[in-house]
file query.pdb (PDB, C-alpha atoms and all ligand atoms)
ATOM      1  CA  MET K   1     -25.591 -21.200  28.223
ATOM      2  CA  GLN K   2     -26.761 -23.709  25.645
ATOM      3  CA  GLY K   3     -28.698 -23.383  22.421
ATOM      4  CA  ARG K   4     -29.260 -19.624  22.443
ATOM      5  CA  SER K   5     -28.910 -17.857  19.108
ATOM      6  CA  ALA K   6     -26.734 -14.722  18.760
ATOM      7  CA  ALA K   7     -28.085 -11.545  20.341
ATOM      8  CA  PRO K   8     -28.278  -8.577  17.958
ATOM      9  CA  PRO K   9     -25.180  -6.335  18.180
ATOM     10  CA  ASP K  10     -25.293  -3.455  20.671
ATOM     11  CA  PHE K  11     -22.701  -1.550  18.573
ATOM     12  CA  ASP K  12     -22.710  -0.088  15.075
ATOM     13  CA  ALA K  13     -20.441  -0.941  12.138
ATOM     14  CA  ALA K  14     -18.118   2.007  12.801
ATOM     15  CA  MET K  15     -17.621   0.895  16.395
ATOM     16  CA  PHE K  16     -17.013  -2.688  15.278
ATOM     17  CA  ARG K  17     -14.388  -1.496  12.797
ATOM     18  CA  SER K  18     -12.638   0.556  15.515
ATOM     19  CA  VAL K  19     -12.569  -2.359  17.923
ATOM     20  CA  LEU K  20     -11.306  -4.761  15.252
ATOM     21  CA  GLY K  21      -8.645  -2.202  14.341
ATOM     22  CA  GLN K  22      -6.967  -2.743  17.716
ATOM     23  CA  PHE K  23      -5.750  -6.095  16.431
ATOM     24  CA  ALA K  24      -2.444  -5.192  14.750
ATOM     25  CA  THR K  25      -1.775  -7.071  11.532
ATOM     26  CA  GLY K  26       0.706  -7.215   8.731
ATOM     27  CA  VAL K  27      -0.460  -6.240   5.266
ATOM     28  CA  THR K  28      -0.483  -8.395   2.128
ATOM     29  CA  ILE K  29      -1.203  -7.974  -1.547
ATOM     30  CA  ILE K  30      -2.922 -11.040  -2.980
ATOM     31  CA  THR K  31      -2.230 -11.525  -6.670
ATOM     32  CA  THR K  32      -3.530 -13.730  -9.419
ATOM     33  CA  ARG K  33      -3.928 -13.741 -13.203
ATOM     34  CA  ALA K  34      -7.347 -13.642 -14.874
ATOM     35  CA  ALA K  35      -8.217 -16.018 -17.727
ATOM     36  CA  ASN K  36      -7.788 -13.123 -20.198
ATOM     37  CA  GLY K  37      -4.238 -12.531 -18.908
ATOM     38  CA  ASP K  38      -5.046  -9.451 -16.804
ATOM     39  CA  LEU K  39      -3.031  -9.186 -13.612
ATOM     40  CA  ILE K  40      -5.180  -8.901 -10.487
ATOM     41  CA  GLY K  41      -4.052  -7.714  -7.049
ATOM     42  CA  ILE K  42      -5.749  -6.511  -3.891
ATOM     43  CA  THR K  43      -4.509  -5.269  -0.538
ATOM     44  CA  ALA K  44      -5.641  -7.520   2.322
ATOM     45  CA  SER K  45      -4.881  -7.540   6.037
ATOM     46  CA  SER K  46      -7.190 -10.491   6.739
ATOM     47  CA  PHE K  47      -4.409 -13.024   6.088
ATOM     48  CA  ASN K  48      -3.643 -15.572   8.803
ATOM     49  CA  SER K  49      -2.127 -18.979   9.346
ATOM     50  CA  VAL K  50      -4.375 -22.038   9.744
ATOM     51  CA  SER K  51      -2.373 -25.288   9.754
ATOM     52  CA  LEU K  52       1.260 -26.423   9.574
ATOM     53  CA  THR K  53       0.510 -29.941   8.246
ATOM     54  CA  PRO K  54      -0.896 -29.617   5.695
ATOM     55  CA  PRO K  55       0.319 -26.023   5.210
ATOM     56  CA  LEU K  56      -2.846 -23.916   5.151
ATOM     57  CA  VAL K  57      -3.520 -20.174   5.305
ATOM     58  CA  LEU K  58      -6.657 -18.036   5.055
ATOM     59  CA  TRP K  59      -7.760 -14.582   4.007
ATOM     60  CA  SER K  60     -11.118 -12.992   3.292
ATOM     61  CA  LEU K  61     -12.462 -10.889   0.455
ATOM     62  CA  ALA K  62     -15.473  -8.554   0.480
ATOM     63  CA  THR K  63     -18.367  -9.973  -1.522
ATOM     64  CA  GLN K  64     -18.686  -6.728  -3.486
ATOM     65  CA  SER K  65     -14.986  -6.677  -4.416
ATOM     66  CA  GLY K  66     -14.390  -6.175  -8.123
ATOM     67  CA  SER K  67     -11.833  -8.997  -8.053
ATOM     68  CA  MET K  68     -14.278 -11.515  -6.586
ATOM     69  CA  PRO K  69     -15.223 -13.209  -9.908
ATOM     70  CA  VAL K  70     -11.553 -13.854 -10.711
ATOM     71  CA  PHE K  71     -10.718 -15.170  -7.232
ATOM     72  CA  GLN K  72     -13.861 -17.342  -7.346
ATOM     73  CA  ALA K  73     -12.811 -18.818 -10.701
ATOM     74  CA  ASN K  74      -9.051 -19.193 -10.152
ATOM     75  CA  SER K  75      -7.374 -22.165  -8.503
ATOM     76  CA  HIS K  76      -4.155 -20.307  -7.585
ATOM     77  CA  TYR K  77      -2.986 -17.031  -6.069
ATOM     78  CA  VAL K  78       0.097 -15.573  -4.379
ATOM     79  CA  ILE K  79       0.010 -13.853  -0.982
ATOM     80  CA  ASN K  80       2.751 -11.169  -0.866
ATOM     81  CA  VAL K  81       3.669  -9.947   2.642
ATOM     82  CA  LEU K  82       4.530  -6.258   2.418
ATOM     83  CA  ALA K  83       7.653  -4.561   3.715
ATOM     84  CA  ALA K  84       7.470  -1.233   5.574
ATOM     85  CA  SER K  85       8.844   0.453   2.445
ATOM     86  CA  GLN K  86       5.833  -0.741   0.391
ATOM     87  CA  VAL K  87       3.111   1.432   1.917
ATOM     88  CA  GLU K  88       2.576   3.141  -1.448
ATOM     89  CA  LEU K  89       1.858  -0.253  -3.050
ATOM     90  CA  CYS K  90      -0.502  -1.089  -0.208
ATOM     91  CA  LEU K  91      -2.536   2.064  -0.935
ATOM     92  CA  ARG K  92      -2.394   1.578  -4.692
ATOM     93  CA  PHE K  93      -3.747  -1.993  -4.475
ATOM     94  CA  ALA K  94      -6.534  -0.814  -2.168
ATOM     95  CA  SER K  95      -7.735   1.764  -4.689
ATOM     96  CA  SER K  96      -9.733   1.061  -7.796
ATOM     97  CA  LYS K  97      -8.114   3.632 -10.074
ATOM     98  CA  GLY K  98      -6.032   2.595 -13.075
ATOM     99  CA  ASN K  99      -3.726  -0.329 -13.700
ATOM    100  CA  ARG K 100      -2.434  -1.264 -10.270
ATOM    101  CA  PHE K 101       0.604  -3.115 -11.689
ATOM    102  CA  GLU K 102       1.889  -0.242 -13.828
ATOM    103  CA  GLY K 103       5.576   0.263 -12.958
ATOM    104  CA  VAL K 104       5.459  -2.350 -10.192
ATOM    105  CA  PRO K 105       8.515  -4.651 -10.303
ATOM    106  CA  TYR K 106       7.522  -8.302 -10.128
ATOM    107  CA  HIS K 107       8.478 -11.717 -11.386
ATOM    108  CA  SER K 108       6.070 -14.557 -12.115
ATOM    109  CA  THR K 109       5.340 -18.051 -10.874
ATOM    110  CA  ASP K 110       5.331 -20.905 -13.396
ATOM    111  CA  SER K 111       1.599 -20.277 -13.854
ATOM    112  CA  GLY K 112       2.168 -16.560 -14.511
ATOM    113  CA  ILE K 113       1.030 -15.120 -11.179
ATOM    114  CA  PRO K 114       2.968 -12.019 -10.086
ATOM    115  CA  ILE K 115       5.281 -12.139  -7.068
ATOM    116  CA  ILE K 116       5.939  -8.519  -6.069
ATOM    117  CA  ASP K 117       9.662  -7.724  -5.835
ATOM    118  CA  GLY K 118      10.719  -6.436  -2.425
ATOM    119  CA  ALA K 119       7.943  -8.243  -0.545
ATOM    120  CA  LEU K 120       9.131  -9.689   2.774
ATOM    121  CA  ALA K 121       7.729 -13.110   2.015
ATOM    122  CA  TRP K 122       5.343 -14.835  -0.335
ATOM    123  CA  PHE K 123       3.100 -17.894  -0.379
ATOM    124  CA  GLU K 124       1.957 -19.528  -3.617
ATOM    125  CA  CYS K 125      -1.366 -21.206  -2.870
ATOM    126  CA  HIS K 126      -3.804 -23.629  -4.394
ATOM    127  CA  ASN K 127      -7.244 -22.631  -3.163
ATOM    128  CA  ARG K 128      -8.742 -25.427  -1.099
ATOM    129  CA  SER K 129     -12.047 -24.056   0.217
ATOM    130  CA  ARG K 130     -14.244 -20.983   0.101
ATOM    131  CA  TYR K 131     -16.773 -20.117   2.797
ATOM    132  CA  ALA K 132     -19.332 -17.355   2.258
ATOM    133  CA  GLU K 133     -19.857 -15.663   5.655
ATOM    134  CA  GLY K 134     -21.664 -12.357   6.099
ATOM    135  CA  ASP K 135     -20.376  -9.770   3.620
ATOM    136  CA  HIS K 136     -17.064 -11.608   2.973
ATOM    137  CA  VAL K 137     -15.853 -14.885   1.485
ATOM    138  CA  ILE K 138     -13.145 -16.730   3.428
ATOM    139  CA  PHE K 139     -10.533 -18.368   1.192
ATOM    140  CA  VAL K 140      -8.439 -21.228   2.556
ATOM    141  CA  GLY K 141      -5.275 -21.813   0.549
ATOM    142  CA  GLU K 142      -2.922 -24.785   0.556
ATOM    143  CA  VAL K 143       0.635 -23.459   0.254
ATOM    144  CA  GLU K 144       2.580 -25.068  -2.596
ATOM    145  CA  ARG K 145       5.671 -22.853  -2.332
ATOM    146  CA  CYS K 146       6.787 -20.063  -0.038
ATOM    147  CA  SER K 147       9.886 -17.971   0.423
ATOM    148  CA  LEU K 148      11.484 -15.166   2.416
ATOM    149  CA  ASN K 149      13.189 -12.068   1.110
ATOM    150  CA  GLU K 150      16.931 -12.811   1.385
ATOM    151  CA  ASN K 151      17.895  -9.117   1.323
ATOM    152  CA  PRO K 152      18.953  -8.165   4.884
ATOM    153  CA  GLU K 153      17.890  -4.557   4.176
ATOM    154  CA  GLN K 154      14.341  -5.716   3.479
ATOM    155  CA  THR K 155      13.160  -7.280   6.729
ATOM    156  CA  GLU K 156      10.954  -4.590   8.295
ATOM    157  CA  PRO K 157       7.231  -5.442   8.008
ATOM    158  CA  LEU K 158       4.438  -3.006   7.281
ATOM    159  CA  VAL K 159       2.064  -2.991  10.265
ATOM    160  CA  PHE K 160      -1.583  -1.874  10.247
ATOM    161  CA  HIS K 161      -3.153  -0.832  13.561
ATOM    162  CA  GLY K 162      -5.954   1.549  14.467
ATOM    163  CA  GLY K 163      -6.495   2.410  10.812
ATOM    164  CA  ARG K 164      -2.895   3.644  10.422
ATOM    165  CA  PHE K 165       0.384   2.260   9.160
ATOM    166  CA  HIS K 166       3.304   1.623  11.471
ATOM    167  CA  THR K 167       6.722   0.053  11.494
ATOM    168  CA  VAL K 168       8.110  -2.204  14.189
ATOM    169  CA  ASN K 169      10.512  -0.343  16.476
ATOM    170  CA  GLY K 170      12.399  -3.408  17.607
ATOM    171  CA  LEU K 171      11.566  -4.285  21.220
ATOM    172  CA  ASP K 172      14.637  -6.537  21.544
TER
HETATM  173  C1  LIG E   1      -4.702  -2.020   5.034
HETATM  174  C2  LIG E   1      -5.854  -2.538   4.208
HETATM  175  C3  LIG E   1      -6.316  -3.834   4.401
HETATM  176  C4  LIG E   1      -7.371  -4.342   3.624
HETATM  177  N1  LIG E   1      -7.785  -5.626   3.837
HETATM  178  C5  LIG E   1      -8.795  -6.141   3.091
HETATM  179  C6  LIG E   1      -9.202  -7.495   3.259
HETATM  180  O1  LIG E   1      -8.634  -8.254   4.055
HETATM  181  N2  LIG E   1     -10.232  -7.957   2.487
HETATM  182  C7  LIG E   1     -10.866  -7.152   1.579
HETATM  183  O2  LIG E   1     -11.796  -7.628   0.909
HETATM  184  N3  LIG E   1     -10.492  -5.861   1.392
HETATM  185  C8  LIG E   1      -9.463  -5.351   2.114
HETATM  186  N4  LIG E   1      -9.051  -4.056   1.917
HETATM  187  C9  LIG E   1      -9.738  -3.246   0.909
HETATM  188  C10 LIG E   1      -9.335  -3.651  -0.512
HETATM  189  O3  LIG E   1      -7.929  -3.597  -0.699
HETATM  190  C11 LIG E   1     -10.001  -2.686  -1.516
HETATM  191  O4  LIG E   1     -11.383  -2.699  -1.315
HETATM  192  C12 LIG E   1      -9.667  -3.015  -2.960
HETATM  193  O5  LIG E   1      -9.972  -1.863  -3.736
HETATM  194  C13 LIG E   1     -10.436  -4.182  -3.506
HETATM  195  O6  LIG E   1     -10.132  -4.249  -4.886
HETATM  196  P1  LIG E   1     -11.158  -4.792  -5.975
HETATM  197  O7  LIG E   1     -12.473  -4.098  -5.765
HETATM  198  O8  LIG E   1     -10.477  -4.489  -7.269
HETATM  199  O9  LIG E   1     -11.276  -6.274  -5.730
HETATM  200  C14 LIG E   1      -8.000  -3.533   2.656
HETATM  201  C15 LIG E   1      -7.521  -2.222   2.450
HETATM  202  C16 LIG E   1      -6.452  -1.734   3.213
HETATM  203  C17 LIG E   1      -5.947  -0.343   2.962
END
call {"tool": "encode", "arguments": {"input": "query.pdb", "output": "structure tokens"}}
result
Amino acid sequence: MQGRSAAPPDFDAAMFRSVLGQFATGVTIITTRAANGDLIGITASSFNSVSLTPPLVLWSLATQSGSMPVFQANSHYVINVLAASQVELCLRFASSKGNRFEGVPYHSTDSGIPIIDGALAWFECHNRSRYAEGDHVIFVGEVERCSLNENPEQTEPLVFHGGRFHTVNGLD
């Protein structure tokens, strides 16, 4: 069918969320540093790969997110892929209470952006594009540096599915 605009949804937002939740994802914390030096971090499962050459990734942030002004203004951020053992950090960086970085072990990129210790992997990105769509903004980042956790004890990813956290039980 050609040229027909989208039909209105025949489902509500709760149903949409439940259906989307069947797509299992990893979980990330996306970090940056505000102009005043404050450390910023938010939990996000919307991360995905886009392109190998050039190396591009994407994630999306709710328009009403408190961190939006900083992510709109900043050129760089780090995407930290969480390990199964980091579920507490995942919840902390999804909640608005207090200083999210208090007691969190991290080291910093050359530009002072936190890389969370114990993360499975991280991507340091220069933001390339932003697309406002619906109630989110899609960020496309060009990866400048990335690395894996070399600790063999720290290889199990945190998995989010059906609104709950899981670990991978090794199908092999
Ligand atoms: C597992 C999980 C995944 C999430 N993924 C996203 C996401 O991809 N984008 C988003 O905007 N919020 C996401 N959130 C919600 C944010 O982490 C949460 O709203 C956070 O408090 C935003 O912080 P801010 O208001 O300080 O920016 C997620 C929360 C959880 C628990």
call {"tool": "residues_around", "arguments": {"input": "query.pdb", "residues": "Leu158 in chain K", "least_positions_apart": "4", "cutoff": "8 Å", "atoms": "all atoms listed in the file", "output": "PyMOL selection string"}}
result
chain K and resi 26-27+82-87+165-168
call {"tool": "closest_residue", "arguments": {"input": "query.pdb", "among": "K:Cys90, K:Val19, K:Val78, K:Leu56", "to": "ligand LIG 1 (chain E)", "atoms": "all atoms listed in the file"}}
result
K:Cys90
call {"tool": "residues_near_point", "arguments": {"input": "query.pdb", "point": "(-14.2, -10.8, -7.8)", "cutoff": "12 Å", "atoms": "all atoms listed in the file", "output": "JSON list (two decimals) with C-alpha atoms, keeping the file's coordinate frame"}}
result
[["chain", "number", "residue", "atom", "x", "y", "z"],
["K", 32, "THR", "CA", -3.53, -13.73, -9.42],
["K", 33, "ARG", "CA", -3.93, -13.74, -13.20],
["K", 34, "ALA", "CA", -7.35, -13.64, -14.87],
["K", 40, "ILE", "CA", -5.18, -8.90, -10.49],
["K", 41, "GLY", "CA", -4.05, -7.71, -7.05],
["K", 42, "ILE", "CA", -5.75, -6.51, -3.89],
["K", 60, "SER", "CA", -11.12, -12.99, 3.29],
["K", 61, "LEU", "CA", -12.46, -10.89, 0.46],
["K", 62, "ALA", "CA", -15.47, -8.55, 0.48],
["K", 63, "THR", "CA", -18.37, -9.97, -1.52],
["K", 64, "GLN", "CA", -18.69, -6.73, -3.49],
["K", 65, "SER", "CA", -14.99, -6.68, -4.42],
["K", 66, "GLY", "CA", -14.39, -6.18, -8.12],
["K", 67, "SER", "CA", -11.83, -9.00, -8.05],
["K", 68, "MET", "CA", -14.28, -11.52, -6.59],
["K", 69, "PRO", "CA", -15.22, -13.21, -9.91],
["K", 70, "VAL", "CA", -11.55, -13.85, -10.71],
["K", 71, "PHE", "CA", -10.72, -15.17, -7.23],
["K", 72, "GLN", "CA", -13.86, -17.34, -7.35],
["K", 73, "ALA", "CA", -12.81, -18.82, -10.70],
["K", 74, "ASN", "CA", -9.05, -19.19, -10.15],
["K", 136, "HIS", "CA", -17.06, -11.61, 2.97],
["K", 137, "VAL", "CA", -15.85, -14.88, 1.48]]
call {"tool": "atom_distance", "arguments": {"input": "query.pdb", "atom1": "CA of Gly141 in chain K", "atom2": "CA of Asn36 in chain K"}}
result
22.6 Å
call {"tool": "axis_aligned_box", "arguments": {"input": "query.pdb", "around": "range 115-124 of chain K", "padding_each_side": "5 Å", "output": "AutoDock Vina command-line options"}}
result
--center_x 6.3 --center_y -13.0 --center_z -2.1 --size_x 18.8 --size_y 23.1 --size_z 19.8
call {"tool": "residues_around", "arguments": {"input": "query.pdb", "residues": "Glu142 in chain K", "least_positions_apart": "5", "cutoff": "7 Å", "atoms": "only C-alpha atoms", "output": "list in words"}}
result
Pro55, Leu56, Val57, Cys125, His126, Asn127 and Arg128 of chain K
call {"tool": "residues_around", "arguments": {"input": "query.pdb", "residues": "Phe23 in chain K", "least_positions_apart": "3", "cutoff": "12 Å", "atoms": "all atoms listed in the file", "output": "JSON, numbers by chain"}}
result
{"K": [16, 17, 18, 19, 20, 26, 45, 46, 159, 160, 161, 162, 163, 164]}
call {"tool": "write_last_selection", "arguments": {"input": "query.pdb", "atoms": "C-alpha atoms", "output": "compact mmCIF listing (two decimals), keeping the file's coordinate frame"}}
result
# COMPACT_ATOMS: atom_id res chain seq x y z
CA PHE K 16 -17.01 -2.69 15.28
CA ARG K 17 -14.39 -1.50 12.80
CA SER K 18 -12.64 0.56 15.52
CA VAL K 19 -12.57 -2.36 17.92
CA LEU K 20 -11.31 -4.76 15.25
CA GLY K 26 0.71 -7.22 8.73
CA SER K 45 -4.88 -7.54 6.04
CA SER K 46 -7.19 -10.49 6.74
CA VAL K 159 2.06 -2.99 10.26
CA PHE K 160 -1.58 -1.87 10.25
CA HIS K 161 -3.15 -0.83 13.56
CA GLY K 162 -5.95 1.55 14.47
CA GLY K 163 -6.50 2.41 10.81
CA ARG K 164 -2.90 3.64 10.42
call {"tool": "atom_distance", "arguments": {"input": "query.pdb", "atom1": "CA of Glu144 in chain K", "atom2": "CA of Ser95 in chain K"}}
result
28.8 Å
call {"tool": "atom_distance", "arguments": {"input": "query.pdb", "atom1": "CA of Ser75 in chain K", "atom2": "CA of Asp110 in chain K"}}
result
13.7 Å
call {"tool": "closest_residue", "arguments": {"input": "query.pdb", "among": "K:Arg130, K:His107, K:Arg4, K:Arg92", "to": "ligand LIG 1 (chain E)", "atoms": "all atoms listed in the file"}}
result
K:Arg92
call {"tool": "closest_residue", "arguments": {"input": "query.pdb", "among": "K:Tyr77, K:Tyr106, K:Phe139, K:Tyr131", "to": "ligand LIG 1 (chain E)", "atoms": "all atoms listed in the file"}}
result
K:Phe139
call {"tool": "resolve_selection", "arguments": {"input": "query.pdb", "expression": "the PyMOL selection byres (((chain K and resi 115-121) around 9) and not hetatm)", "output": "count of residues only"}}
result
32
call {"tool": "closest_residue", "arguments": {"input": "query.pdb", "among": "K:Ser96, K:Ser49, K:Ser129, K:Thr25", "to": "ligand LIG 1 (chain E)", "atoms": "only C-alpha atoms and all ligand atoms"}}
result
K:Ser96
call {"tool": "closest_residue", "arguments": {"input": "query.pdb", "among": "K:Gly37, K:Gly98, K:Pro9, K:Gly3", "to": "ligand LIG 1 (chain E)", "atoms": "all atoms listed in the file"}}
result
K:Gly98
call {"tool": "closest_residue", "arguments": {"input": "query.pdb", "among": "K:Val143, K:Gly112, K:Asn169, K:Leu39", "to": "ligand LIG 1 (chain E)", "atoms": "only C-alpha atoms and all ligand atoms"}}
result
K:Leu39
